[in-house]
>>> print(open('structure_2.cif').read())   # mmCIF, C-alpha atoms
data_final
loop_
_atom_site.label_atom_id
_atom_site.label_comp_id
_atom_site.auth_asym_id
_atom_site.auth_seq_id
_atom_site.Cartn_x
_atom_site.Cartn_y
_atom_site.Cartn_z
CA MET L 1 -24.32 1.67 11.95
CA SER L 2 -23.39 1.30 8.27
CA GLU L 3 -20.31 3.52 8.64
CA TYR L 4 -18.94 1.17 11.33
CA TYR L 5 -19.67 -1.83 9.12
CA ASN L 6 -17.95 -0.07 6.24
CA ALA L 7 -14.84 0.80 8.25
CA PHE L 8 -14.77 -2.78 9.59
CA LEU L 9 -15.10 -4.18 6.07
CA LYS L 10 -12.28 -1.99 4.79
CA GLN L 11 -10.00 -3.08 7.64
CA ILE L 12 -10.80 -6.76 7.06
CA ILE L 13 -10.08 -6.41 3.35
CA SER L 14 -6.80 -4.58 3.89
CA TRP L 15 -5.56 -7.23 6.38
CA GLN L 16 -6.51 -9.99 3.96
CA TYR L 17 -4.74 -8.14 1.15
CA GLU L 18 -1.50 -8.14 3.14
CA LEU L 19 -1.90 -11.75 4.32
CA ASN L 20 -2.65 -12.91 0.79
CA ARG L 21 0.62 -11.38 -0.44
CA LEU L 22 2.52 -12.81 2.50
CA VAL L 23 1.19 -16.36 1.98
CA SER L 24 1.91 -16.43 -1.76
CA GLY L 25 5.38 -14.92 -1.26
CA GLU L 26 6.26 -17.47 1.45
CA ILE L 27 4.97 -20.47 -0.51
CA ARG L 28 6.84 -19.45 -3.64
CA GLY L 29 10.04 -18.88 -1.65
CA ILE L 30 10.05 -22.40 -0.20
CA ASN L 31 13.18 -24.55 -0.66
CA ASP L 32 14.89 -27.59 0.89
CA GLU L 33 16.70 -25.55 3.53
CA ASN L 34 13.94 -23.29 4.79
CA PHE L 35 10.91 -25.55 4.38
CA LEU L 36 10.36 -26.25 8.11
CA GLY L 37 10.34 -22.57 8.98
CA VAL L 38 8.17 -21.71 6.00
CA TYR L 39 5.70 -24.53 6.86
CA ALA L 40 5.34 -23.16 10.40
CA THR L 41 4.95 -19.60 9.08
CA ILE L 42 2.35 -20.59 6.47
CA ILE L 43 0.31 -22.58 8.99
CA GLY L 44 0.37 -19.61 11.38
CA ILE L 45 -0.60 -17.14 8.67
CA ALA L 46 -3.29 -19.47 7.31
CA PHE L 47 -4.85 -19.70 10.78
CA LEU L 48 -4.86 -15.91 11.08
CA TYR L 49 -6.14 -15.58 7.54
CA GLY L 50 -9.04 -17.94 8.34
CA LEU L 51 -9.84 -16.03 11.52
CA ILE L 52 -10.03 -12.70 9.66
CA HIS L 53 -11.54 -14.20 6.49
CA ALA L 54 -14.56 -15.58 8.36
CA ALA L 55 -15.05 -12.23 10.11
CA GLY L 56 -16.06 -10.72 6.76
CA PRO L 57 -19.60 -11.10 5.40
CA GLY L 58 -20.81 -14.68 5.17
CA HIS L 59 -19.59 -18.08 6.39
CA GLY L 60 -22.89 -18.66 8.14
CA LYS L 61 -22.21 -16.49 11.18
CA ALA L 62 -25.68 -14.92 11.00
CA LEU L 63 -27.25 -18.33 10.48
CA VAL L 64 -25.44 -19.76 13.50
CA ALA L 65 -26.36 -16.69 15.54
CA PHE L 66 -30.06 -16.98 14.59
CA TYR L 67 -29.99 -20.68 15.34
CA PHE L 68 -28.67 -20.20 18.86
CA ALA L 69 -30.98 -17.23 19.51
CA LYS L 70 -33.74 -19.81 20.11
CA GLY L 71 -32.15 -20.57 23.49
CA LYS L 72 -31.80 -23.89 25.36
CA GLU L 73 -28.23 -24.26 24.11
CA SER L 74 -24.81 -24.17 25.79
CA TYR L 75 -21.56 -22.37 24.89
CA LYS L 76 -20.06 -25.76 24.27
CA SER L 77 -22.59 -26.63 21.59
CA ALA L 78 -22.04 -23.23 19.90
CA PHE L 79 -18.30 -23.93 19.89
CA LYS L 80 -18.89 -27.45 18.54
CA LEU L 81 -21.14 -26.20 15.75
CA GLY L 82 -18.54 -23.60 14.68
CA TYR L 83 -15.96 -26.34 14.35
CA LEU L 84 -18.33 -28.77 12.66
CA ILE L 85 -18.96 -26.13 9.99
CA SER L 86 -15.27 -25.43 9.51
CA LEU L 87 -14.49 -29.16 9.33
CA ILE L 88 -17.06 -29.70 6.58
CA HIS L 89 -15.81 -26.50 4.91
CA ALA L 90 -12.21 -27.81 4.86
CA VAL L 91 -13.15 -31.30 3.69
CA SER L 92 -15.35 -30.01 0.87
CA ALA L 93 -12.70 -27.48 -0.22
CA LEU L 94 -9.94 -30.12 -0.25
CA ALA L 95 -12.11 -32.74 -1.98
CA VAL L 96 -13.31 -30.37 -4.67
CA THR L 97 -9.89 -28.80 -5.29
CA PHE L 98 -7.92 -32.03 -5.45
CA GLY L 99 -10.77 -33.84 -7.24
CA ILE L 100 -11.34 -31.34 -9.98
CA PHE L 101 -7.67 -30.52 -10.39
CA PHE L 102 -6.51 -34.08 -10.87
CA ILE L 103 -9.51 -35.39 -12.77
CA ILE L 104 -9.97 -32.45 -15.11
CA GLU L 105 -6.77 -30.46 -14.97
CA LYS L 106 -7.96 -27.71 -17.26
CA MET L 107 -11.07 -25.58 -16.90
CA PHE L 108 -10.77 -25.62 -13.13
CA ARG L 109 -12.63 -22.36 -12.68
CA HIS L 110 -15.60 -23.39 -14.85
CA ASN L 111 -16.00 -26.65 -12.96
CA PHE L 112 -15.63 -24.98 -9.62
CA ASP L 113 -18.18 -22.31 -10.50
CA ALA L 114 -20.69 -24.92 -11.67
CA TYR L 115 -20.16 -27.01 -8.52
CA SER L 116 -20.31 -23.98 -6.29
CA GLN L 117 -23.60 -22.76 -7.76
CA LYS L 118 -25.27 -26.14 -7.24
CA ALA L 119 -23.86 -26.41 -3.72
CA MET L 120 -25.23 -22.96 -2.90
CA LEU L 121 -28.70 -24.00 -4.05
CA VAL L 122 -28.57 -27.15 -1.92
CA SER L 123 -27.36 -25.01 0.96
CA ALA L 124 -30.24 -22.50 0.60
CA VAL L 125 -32.85 -25.28 0.48
CA MET L 126 -31.35 -26.95 3.55
CA ILE L 127 -31.36 -23.66 5.47
CA LEU L 128 -35.05 -23.19 4.59
CA THR L 129 -35.81 -26.73 5.74
CA VAL L 130 -34.04 -26.24 9.08
CA GLY L 131 -35.99 -23.01 9.66
CA LEU L 132 -39.31 -24.70 8.82
CA TYR L 133 -38.38 -27.66 11.03
CA ILE L 134 -37.73 -25.38 14.01
CA VAL L 135 -40.98 -23.41 13.50
CA VAL L 136 -43.21 -26.46 12.96
CA LYS L 137 -41.68 -28.42 15.85
CA SER L 138 -41.97 -25.44 18.16
CA TYR L 139 -45.62 -24.92 17.16
CA LEU L 140 -46.57 -28.57 17.61
CA GLU L 141 -44.89 -28.76 21.01
CA ARG L 142 -46.61 -25.59 22.09
CA ARG L 143 -49.95 -27.09 21.14
CA LYS L 144 -49.30 -30.36 22.95
CA VAL L 145 -47.98 -29.06 26.24
CA HIS L 146 -47.39 -25.57 27.61
CA GLU L 147 -43.89 -26.45 28.75
CA GLY L 148 -42.87 -28.27 25.58
CA THR L 149 -39.87 -30.56 25.43
CA PRO L 150 -36.92 -29.10 23.52
CA VAL L 151 -36.56 -29.51 19.79
CA ASP L 152 -34.28 -32.34 18.69
CA THR L 153 -31.39 -29.94 18.37
CA LYS L 154 -28.80 -32.47 17.30
CA LYS L 155 -30.49 -33.21 13.98
CA SER L 156 -31.04 -29.55 13.09
CA ARG L 157 -27.51 -28.69 14.26
CA TYR L 158 -25.98 -31.19 11.81
CA ALA L 159 -28.24 -29.85 9.07
CA ILE L 160 -27.08 -26.28 9.82
CA ALA L 161 -23.42 -27.35 9.79
CA PHE L 162 -23.86 -29.22 6.53
CA SER L 163 -25.83 -26.46 4.82
CA VAL L 164 -23.13 -23.89 5.56
CA GLY L 165 -20.11 -26.14 5.16
CA VAL L 166 -21.12 -27.87 1.94
CA VAL L 167 -20.15 -24.84 -0.15
CA PRO L 168 -16.36 -24.89 -0.23
CA CYS L 169 -14.73 -21.62 0.67
CA PRO L 170 -13.01 -20.13 -2.40
CA GLY L 171 -10.41 -18.63 -0.05
CA VAL L 172 -9.33 -22.06 1.15
CA MET L 173 -9.48 -23.46 -2.36
CA THR L 174 -7.27 -20.70 -3.74
CA ILE L 175 -4.52 -21.49 -1.23
CA VAL L 176 -4.86 -25.25 -1.80
CA LEU L 177 -4.74 -24.84 -5.56
CA PHE L 178 -1.75 -22.51 -5.37
CA CYS L 179 0.09 -25.14 -3.28
CA ILE L 180 -0.88 -27.93 -5.71
CA MET L 181 0.47 -25.95 -8.64
CA LEU L 182 3.77 -25.48 -6.86
CA LYS L 183 3.75 -29.24 -5.99
CA GLN L 184 3.43 -28.47 -2.26
CA PHE L 185 0.61 -30.97 -1.61
CA THR L 186 1.18 -31.51 2.13
CA LEU L 187 1.46 -27.79 2.72
CA GLY L 188 -1.82 -27.28 0.83
CA ILE L 189 -3.65 -29.69 3.13
CA LEU L 190 -2.04 -28.25 6.29
CA ALA L 191 -2.84 -24.68 5.22
CA ALA L 192 -6.48 -25.62 4.51
CA VAL L 193 -6.81 -27.24 7.93
CA ALA L 194 -5.15 -24.26 9.69
CA MET L 195 -7.35 -21.79 7.83
CA SER L 196 -10.47 -23.79 8.71
CA ILE L 197 -9.52 -23.88 12.39
CA GLY L 198 -9.24 -20.08 12.28
CA MET L 199 -12.62 -19.77 10.56
CA GLY L 200 -14.18 -22.21 13.04
CA LEU L 201 -13.10 -20.00 15.92
CA THR L 202 -14.73 -16.91 14.40
CA ILE L 203 -17.97 -18.78 13.59
CA SER L 204 -18.03 -20.23 17.13
CA ILE L 205 -17.75 -16.74 18.59
CA ALA L 206 -20.89 -15.70 16.64
CA GLY L 207 -22.72 -18.71 18.11
CA ILE L 208 -21.46 -18.07 21.65
CA LEU L 209 -22.55 -14.41 21.50
CA SER L 210 -25.98 -15.59 20.43
CA VAL L 211 -26.17 -18.07 23.33
CA VAL L 212 -25.33 -15.17 25.68
CA PHE L 213 -28.13 -13.13 24.08
CA ALA L 214 -30.65 -15.97 24.42
CA GLU L 215 -29.67 -16.52 28.07
CA LYS L 216 -30.19 -12.83 28.83
CA MET L 217 -33.57 -12.89 27.08
CA GLN L 218 -34.89 -16.07 28.75
CA PRO L 219 -35.72 -14.56 32.19
CA LEU L 220 -37.60 -11.76 30.44
CA MET L 221 -39.60 -14.18 28.33
CA ARG L 222 -40.04 -16.78 31.11
CA SER L 223 -42.58 -19.28 29.89
CA LYS L 224 -42.71 -17.56 26.53
CA GLY L 225 -39.37 -19.07 25.46
CA TYR L 226 -41.10 -20.54 22.46
CA ILE L 227 -41.29 -17.00 21.01
CA LEU L 228 -37.49 -16.94 20.72
CA GLU L 229 -37.58 -20.39 19.20
CA MET L 230 -40.21 -19.34 16.64
CA LEU L 231 -38.35 -16.11 15.88
CA SER L 232 -35.12 -18.02 15.35
CA GLY L 233 -36.91 -20.37 12.92
CA VAL L 234 -38.52 -17.48 11.03
CA LEU L 235 -35.20 -15.65 10.69
CA ILE L 236 -33.53 -18.81 9.38
CA ILE L 237 -36.36 -19.26 6.85
CA ALA L 238 -35.90 -15.62 5.76
CA LEU L 239 -32.16 -16.18 5.25
CA GLY L 240 -32.77 -19.37 3.28
CA GLY L 241 -35.37 -17.56 1.16
CA PHE L 242 -33.01 -14.66 0.44
CA LEU L 243 -30.20 -17.04 -0.51
CA LEU L 244 -32.44 -19.13 -2.72
CA ALA L 245 -33.81 -16.04 -4.49
CA ALA L 246 -30.29 -14.64 -4.98
CA ASN L 247 -29.05 -17.94 -6.41
CA LEU L 248 -31.98 -18.45 -8.72
CA GLN L 249 -31.53 -14.91 -10.02
CA SER L 250 -27.82 -15.26 -10.82
CA MET B 1 -34.83 -1.40 9.46
CA LYS B 2 -31.44 -0.48 8.03
CA THR B 3 -29.81 -2.79 10.58
CA VAL B 4 -32.06 -5.69 9.54
CA VAL B 5 -31.32 -5.10 5.85
CA LEU B 6 -27.61 -4.84 6.64
CA LEU B 7 -27.72 -8.12 8.53
CA LEU B 8 -29.53 -9.88 5.71
CA PHE B 9 -27.14 -8.41 3.20
CA CYS B 10 -24.20 -9.84 5.16
CA VAL B 11 -25.70 -13.27 4.66
CA LEU B 12 -26.59 -12.67 1.03
CA SER B 13 -22.96 -12.03 0.24
CA LEU B 14 -22.27 -15.41 1.80
CA TRP B 15 -19.27 -16.28 -0.27
CA ALA B 16 -17.91 -12.78 -0.69
CA HIS B 17 -15.26 -11.21 1.58
CA PRO B 18 -13.12 -10.95 -0.95
CA HIS B 19 -11.18 -13.71 -2.75
CA THR B 20 -9.48 -11.74 -5.48
CA PHE B 21 -7.33 -8.67 -5.02
CA VAL B 22 -6.59 -6.29 -7.88
CA ASP B 23 -4.01 -3.52 -7.72
CA VAL B 24 -5.42 -0.74 -9.89
CA HIS B 25 -2.56 1.15 -11.58
CA MET B 26 -3.41 4.32 -13.49
CA ASP B 27 -1.14 6.07 -15.94
CA ILE B 28 -1.95 9.58 -17.18
CA GLN B 29 1.13 11.09 -18.79
CA LYS B 30 0.02 13.24 -21.69
CA SER B 31 -2.72 15.25 -20.02
CA LYS B 32 -2.34 18.78 -18.61
CA GLU B 33 -5.67 20.58 -18.42
CA ARG B 34 -7.82 17.89 -19.97
CA ILE B 35 -7.70 14.17 -19.42
CA ASP B 36 -8.06 12.50 -22.79
CA SER B 37 -7.70 8.96 -21.59
CA ILE B 38 -6.33 6.85 -18.74
CA ASP B 39 -4.12 3.81 -19.20
CA PHE B 40 -5.00 1.12 -16.69
CA ARG B 41 -3.05 -1.86 -15.45
CA TRP B 42 -4.93 -4.28 -13.21
CA GLU B 43 -2.50 -6.54 -11.37
CA PHE B 44 -4.17 -9.63 -9.92
CA ASP B 45 -2.86 -11.21 -6.73
CA GLU B 46 -0.47 -14.09 -7.22
CA MET B 47 -2.83 -16.84 -6.10
CA THR B 48 -5.66 -15.72 -8.36
CA SER B 49 -3.10 -15.26 -11.14
CA SER B 50 -2.03 -18.90 -10.85
CA MET B 51 -5.65 -19.99 -11.33
CA MET B 52 -6.07 -17.62 -14.27
CA LEU B 53 -2.88 -18.81 -15.93
CA MET B 54 -4.02 -22.39 -15.62
CA GLU B 55 -6.89 -21.48 -17.89
CA PHE B 56 -5.46 -18.74 -20.10
CA ASP B 57 -2.03 -20.13 -20.86
CA HIS B 58 -3.29 -22.97 -23.07
CA ASN B 59 0.11 -24.08 -24.29
CA GLY B 60 1.67 -23.64 -20.84
CA ASN B 61 4.70 -21.70 -22.06
CA GLY B 62 4.46 -19.02 -19.34
CA THR B 63 3.49 -16.18 -21.67
CA ILE B 64 0.13 -14.98 -22.86
CA GLU B 65 -0.13 -15.02 -26.64
CA ALA B 66 -2.59 -13.29 -28.99
CA ASP B 67 -5.12 -16.15 -29.15
CA GLU B 68 -4.92 -16.61 -25.38
CA THR B 69 -5.48 -12.87 -24.86
CA SER B 70 -8.48 -13.03 -27.15
CA TYR B 71 -9.89 -15.97 -25.16
CA ALA B 72 -9.44 -14.09 -21.86
CA TYR B 73 -10.89 -10.90 -23.34
CA HIS B 74 -14.11 -12.55 -24.53
CA ASN B 75 -14.60 -14.97 -21.66
CA TYR B 76 -13.32 -13.05 -18.65
CA PHE B 77 -12.80 -9.36 -19.33
CA MET B 78 -15.88 -8.44 -21.35
CA PRO B 79 -18.34 -10.21 -19.01
CA LEU B 80 -17.18 -7.66 -16.41
CA GLN B 81 -19.27 -5.15 -18.37
CA GLU B 82 -22.16 -6.42 -16.24
CA PHE B 83 -20.30 -4.97 -13.24
CA ASN B 84 -19.27 -1.84 -15.16
CA PHE B 85 -15.68 -3.14 -14.94
CA TYR B 86 -15.79 -2.30 -11.22
CA THR B 87 -15.14 1.28 -12.36
CA ASP B 88 -17.44 4.24 -12.01
CA LEU B 89 -16.26 7.13 -14.17
CA LYS B 90 -17.80 10.43 -13.12
CA ILE B 91 -17.55 13.59 -15.18
CA GLY B 92 -18.90 16.70 -13.51
CA GLY B 93 -20.48 14.43 -10.89
CA LYS B 94 -22.40 12.39 -13.48
CA THR B 95 -21.62 8.74 -14.13
CA VAL B 96 -20.74 7.97 -17.74
CA ALA B 97 -20.49 4.56 -19.38
CA VAL B 98 -16.98 3.11 -19.49
CA SER B 99 -15.73 1.50 -22.68
CA PRO B 100 -12.23 0.04 -22.27
CA GLN B 101 -10.07 -0.14 -25.39
CA ASN B 102 -6.76 -1.72 -26.47
CA PHE B 103 -7.03 -4.69 -24.14
CA LYS B 104 -3.75 -6.53 -23.61
CA MET B 105 -2.40 -8.99 -21.08
CA SER B 106 0.98 -9.63 -19.53
CA ILE B 107 2.61 -11.46 -16.64
CA ARG B 108 4.72 -9.46 -14.16
CA ASN B 109 6.33 -11.18 -11.19
CA ASN B 110 3.98 -14.18 -11.50
CA ARG B 111 0.98 -11.87 -11.55
CA VAL B 112 -1.48 -11.61 -14.41
CA CYS B 113 -2.01 -8.04 -15.64
CA TYR B 114 -4.86 -6.63 -17.71
CA HIS B 115 -3.88 -3.49 -19.65
CA PHE B 116 -6.48 -1.25 -21.24
CA THR B 117 -7.21 2.38 -22.04
CA LEU B 118 -10.29 4.23 -20.87
CA PRO B 119 -11.29 7.23 -23.00
CA VAL B 120 -12.28 10.19 -20.81
CA ASP B 121 -12.04 13.49 -22.72
CA ALA B 122 -12.94 15.99 -19.99
CA ALA B 123 -11.36 18.84 -18.03
CA LYS B 124 -9.22 17.25 -15.32
CA ASP B 125 -11.01 18.89 -12.37
CA ARG B 126 -14.34 17.43 -13.55
CA VAL B 127 -13.02 13.87 -13.52
CA ALA B 128 -13.42 11.41 -10.67
CA LEU B 129 -13.26 7.60 -10.63
CA GLU B 130 -14.61 5.13 -8.12
CA PHE B 131 -13.56 1.51 -7.86
CA TYR B 132 -15.63 -1.12 -6.10
CA ASP B 133 -17.36 -4.48 -6.29
CA LYS B 134 -20.83 -4.36 -4.76
CA ASP B 135 -20.61 -8.08 -4.01
CA ASN B 136 -17.28 -7.75 -2.17
CA PHE B 137 -15.92 -10.68 -4.13
CA VAL B 138 -13.18 -8.68 -5.79
CA ALA B 139 -11.19 -6.07 -3.87
CA MET B 140 -10.13 -3.23 -6.16
CA VAL B 141 -7.17 -1.66 -4.40
CA VAL B 142 -5.97 1.89 -5.12
CA LYS B 143 -2.83 3.23 -3.48
CA LYS B 144 -0.61 6.25 -4.12
CA ARG B 145 2.18 4.03 -5.42
CA PHE B 146 -0.18 2.74 -8.12
CA MET B 147 -0.73 6.26 -9.53
CA HIS B 148 1.58 7.22 -12.37
CA THR B 149 0.84 10.85 -13.18
CA THR B 150 2.04 14.39 -12.62
CA LEU B 151 -1.55 15.59 -12.17
CA LYS B 152 -2.75 16.49 -8.70
CA TYR B 153 -5.16 13.97 -7.24
CA ALA B 154 -6.67 12.75 -3.99
CA ILE B 155 -7.59 9.19 -3.01
CA LYS B 156 -10.65 9.01 -0.76
CA ASP B 157 -12.72 6.25 0.86
CA VAL B 158 -16.42 6.33 0.03
CA ASP B 159 -19.00 4.69 2.29
CA TYR B 160 -21.79 2.96 0.33
CA ASP B 161 -23.40 1.27 3.33
CA PHE B 162 -22.89 -2.33 2.18
CA TYR B 163 -19.54 -1.92 0.44
CA PHE B 164 -16.88 0.73 0.17
CA ALA B 165 -15.17 2.34 -2.77
CA TYR B 166 -11.87 4.03 -3.47
CA ARG B 167 -12.46 7.38 -5.13
CA VAL B 168 -9.78 9.22 -7.11
CA GLU B 169 -10.40 12.91 -7.73
CA PHE B 170 -8.24 15.06 -9.97
CA SER B 171 -7.67 18.77 -9.53
#
>>> encode(input="structure_2.cif", output="structure tokens")
Amino acid sequence: MSEYYNAFLKQIISWQYELNRLVSGEIRGINDENFLGVYATIIGIAFLYGLIHAAGPGHGKALVAFYFAKGKESYKSAFKLGYLISLIHAVSALAVTFGIFFIIEKMFRHNFDAYSQKAMLVSAVMILTVGLYIVVKSYLERRKVHEGTPVDTKKSRYAIAFSVGVVPCPGVMTIVLFCIMLKQFTLGILAAVAMSIGMGLTISIAGILSVVFAEKMQPLMRSKGYILEMLSGVLIIALGGFLLAANLQS
Amino acid sequence: MKTVVLLLFCVLSLWAHPHTFVDVHMDIQKSKERIDSIDFRWEFDEMTSSMMLMEFDHNGNGTIEADETSYAYHNYFMPLQEFNFYTDLKIGGKTVAVSPQNFKMSIRNNRVCYHFTLPVDAAKDRVALEFYDKDNFVAMVVKKRFMHTTLKYAIKDVDYDFYFAYRVEFS
């Protein structure tokens, strides 16, 4: 399996390499006459960039997939969660980039790194909490009644979206910052939104695939649906634990 | 098990995928049978370069001066030692420590460039180099057009399960 992952990773990187060059070249070449065309091109490329960017490792796809593996969820909610994550991603990236850039013009990278590290810790703790919440709730319901009522998914869904989205994507921030430096503020915001929409689509697909998996598993498990729910919680706890350990180490 | 580890690894590298692209240029002009040293030029992508310049170019005059180079060298280049400068130098199949020398910086077409020399001192057919970032945060890119040498070489892809490397072999 690793050779497929490796080939996939190489392809993703090489597409991003080309798109990165294309975006920077287009933004730098902007002038009064061609700006409409360039705006449209940049927004299109940024969307594609986001789509491919989120297909690489990370962006909470595994987390979203594990979350929906517990079953009892619809395609629509998987789609919604993908977009909730990308919305928070875009807002945090724009807020941090504009905030840090205008408040403390110099030392941008240091400030971003410091912010990013703290945000990643918060994110890891939140992921752990969501996992624990799912496991405990599932256990308590199982004890109370055999056919337990579903977990309050809305609360844990928002927590998932926030825990993934709170860490701004450096990819989005790089484009926004590049636009700010060339005084293309509107374009920076539009590009960030377009890129986030692309990323949202990819993250949603991970969630939808997981819903499909859970639906296929449900008839096999029948009344033992809580096993999927527990498993989903345990996997989320494992992810949170790994992230926390990795962050505390670095 | 490998699949589970792979899946967890994907999540561990949560903010990787990469965000910085480096064109790795290599210049070997003097060597014939032995490679004494290799001159490197790392060209950062334009967007990363703009962020770097914001920090390195203290006086904002569009060029990198000696004190600014020294700042970048100590604060940005040397810390890459922890990652072995994303460069694995192999002589006769064995990895040897890399110690870059003569660090300089320049700006070419709005892109920040790191220039440095890597001492090698080995018969050319025993020399191979691999370029990678295990965390997938930085993409080290090697292409034929980045190679400036009359020596025969081959560029290969190497599969390391969780990341991939470009390998340059001389013959």
>>> residues_around(input="structure_2.cif", residues="Leu132 (chain L)", least_positions_apart="4", cutoff="7 Å", atoms="only C-alpha atoms", output="PyMOL selection string")
chain L and resi 128+136+233+237
>>> closest_residue(input="structure_2.cif", among="B:Leu129, B:Met26, B:Met47, B:Val168", to="chain L", atoms="only C-alpha atoms")
B:Met47
>>> residues_around(input="structure_2.cif", residues="Tyr73 (chain B)", least_positions_apart="6", cutoff="10 Å", atoms="only C-alpha atoms", output="ChimeraX atom specification")
/B:67,79-80,103-105,114
>>> closest_residue(input="structure_2.cif", among="L:Ile100, L:Ile160, L:Cys169, L:Ala192", to="Val64 (chain L)", atoms="all atoms listed in the file")
L:Ile160
>>> residues_near_point(input="structure_2.cif", point="(-10.1, -22.3, -3.0)", cutoff="12 Å", atoms="all atoms listed in the file", output="PyMOL selection string")
(chain L and resi 89-98+100-101+108-109+112-113+116+167-180+188-189+191-192+195-196) or (chain B and resi 15+18-20+47-48+50-51)
>>> write_last_selection(input="structure_2.cif", atoms="C-alpha atoms", output="short mmCIF file (atom, residue, chain, number, x, y, z; two decimals), keeping the file's coordinate frame")
data_model
loop_
_atom_site.label_atom_id
_atom_site.label_comp_id
_atom_site.auth_asym_id
_atom_site.auth_seq_id
_atom_site.Cartn_x
_atom_site.Cartn_y
_atom_site.Cartn_z
CA HIS L 89 -15.81 -26.50 4.91
CA ALA L 90 -12.21 -27.81 4.86
CA VAL L 91 -13.15 -31.30 3.69
CA SER L 92 -15.35 -30.01 0.87
CA ALA L 93 -12.70 -27.48 -0.22
CA LEU L 94 -9.94 -30.12 -0.25
CA ALA L 95 -12.11 -32.74 -1.98
CA VAL L 96 -13.31 -30.37 -4.67
CA THR L 97 -9.89 -28.80 -5.29
CA PHE L 98 -7.92 -32.03 -5.45
CA ILE L 100 -11.34 -31.34 -9.98
CA PHE L 101 -7.67 -30.52 -10.39
CA PHE L 108 -10.77 -25.62 -13.13
CA ARG L 109 -12.63 -22.36 -12.68
CA PHE L 112 -15.63 -24.98 -9.62
CA ASP L 113 -18.18 -22.31 -10.50
CA SER L 116 -20.31 -23.98 -6.29
CA VAL L 167 -20.15 -24.84 -0.15
CA PRO L 168 -16.36 -24.89 -0.23
CA CYS L 169 -14.73 -21.62 0.67
CA PRO L 170 -13.01 -20.13 -2.40
CA GLY L 171 -10.41 -18.63 -0.05
CA VAL L 172 -9.33 -22.06 1.15
CA MET L 173 -9.48 -23.46 -2.36
CA THR L 174 -7.27 -20.70 -3.74
CA ILE L 175 -4.52 -21.49 -1.23
CA VAL L 176 -4.86 -25.25 -1.80
CA LEU L 177 -4.74 -24.84 -5.56
CA PHE L 178 -1.75 -22.51 -5.37
CA CYS L 179 0.09 -25.14 -3.28
CA ILE L 180 -0.88 -27.93 -5.71
CA GLY L 188 -1.82 -27.28 0.83
CA ILE L 189 -3.65 -29.69 3.13
CA ALA L 191 -2.84 -24.68 5.22
CA ALA L 192 -6.48 -25.62 4.51
CA MET L 195 -7.35 -21.79 7.83
CA SER L 196 -10.47 -23.79 8.71
CA TRP B 15 -19.27 -16.28 -0.27
CA PRO B 18 -13.12 -10.95 -0.95
CA HIS B 19 -11.18 -13.71 -2.75
CA THR B 20 -9.48 -11.74 -5.48
CA MET B 47 -2.83 -16.84 -6.10
CA THR B 48 -5.66 -15.72 -8.36
CA SER B 50 -2.03 -18.90 -10.85
CA MET B 51 -5.65 -19.99 -11.33
#
>>> resolve_selection(input="structure_2.cif", expression="the PyMOL selection byres ((chain L and resi 35-47) around 12)", output="count of residues only")
52
>>> closest_residue(input="structure_2.cif", among="B:Glu68, B:Asp45, B:Asp27, B:Glu33", to="chain L", atoms="all atoms listed in the file")
B:Asp45
>>> closest_residue(input="structure_2.cif", among="B:Asn136, B:Thr117, B:Thr63, B:Gln101", to="chain L", atoms="only C-alpha atoms")
B:Asn136
>>> resolve_selection(input="structure_2.cif", expression="the PyMOL selection byres ((chain B and resi 111) around 8)", output="list of chain:residue names")
B:Glu43, B:Phe44, B:Asp45, B:Glu46, B:Ser49, B:Ser50, B:Ile107, B:Arg108, B:Asn109, B:Asn110, B:Val112, B:Cys113
>>> atom_distance(input="structure_2.cif", atom1="CA of Glu65 (chain B)", atom2="CA of Glu82 (chain B)")
25.8 Å
>>> resolve_selection(input="structure_2.cif", expression="the PyMOL selection byres ((chain B and resi 123) around 7)", output="PyMOL selection string")
chain B and resi 33-35+122+124-127
>>> closest_residue(input="structure_2.cif", among="B:Met140, B:Leu151, B:Ala72, B:Ile38", to="Val98 (chain B)", atoms="only C-alpha atoms")
B:Ile38
>>> atom_distance(input="structure_2.cif", atom1="CA of Asp159 (chain B)", atom2="CA of Gln81 (chain B)")
22.9 Å
>>> residues_near_point(input="structure_2.cif", point="(-18.7, -4.1, -2.5)", cutoff="9 Å", atoms="only C-alpha atoms", output="PyMOL selection string")
chain B and resi 16-18+132-139+160+162-165
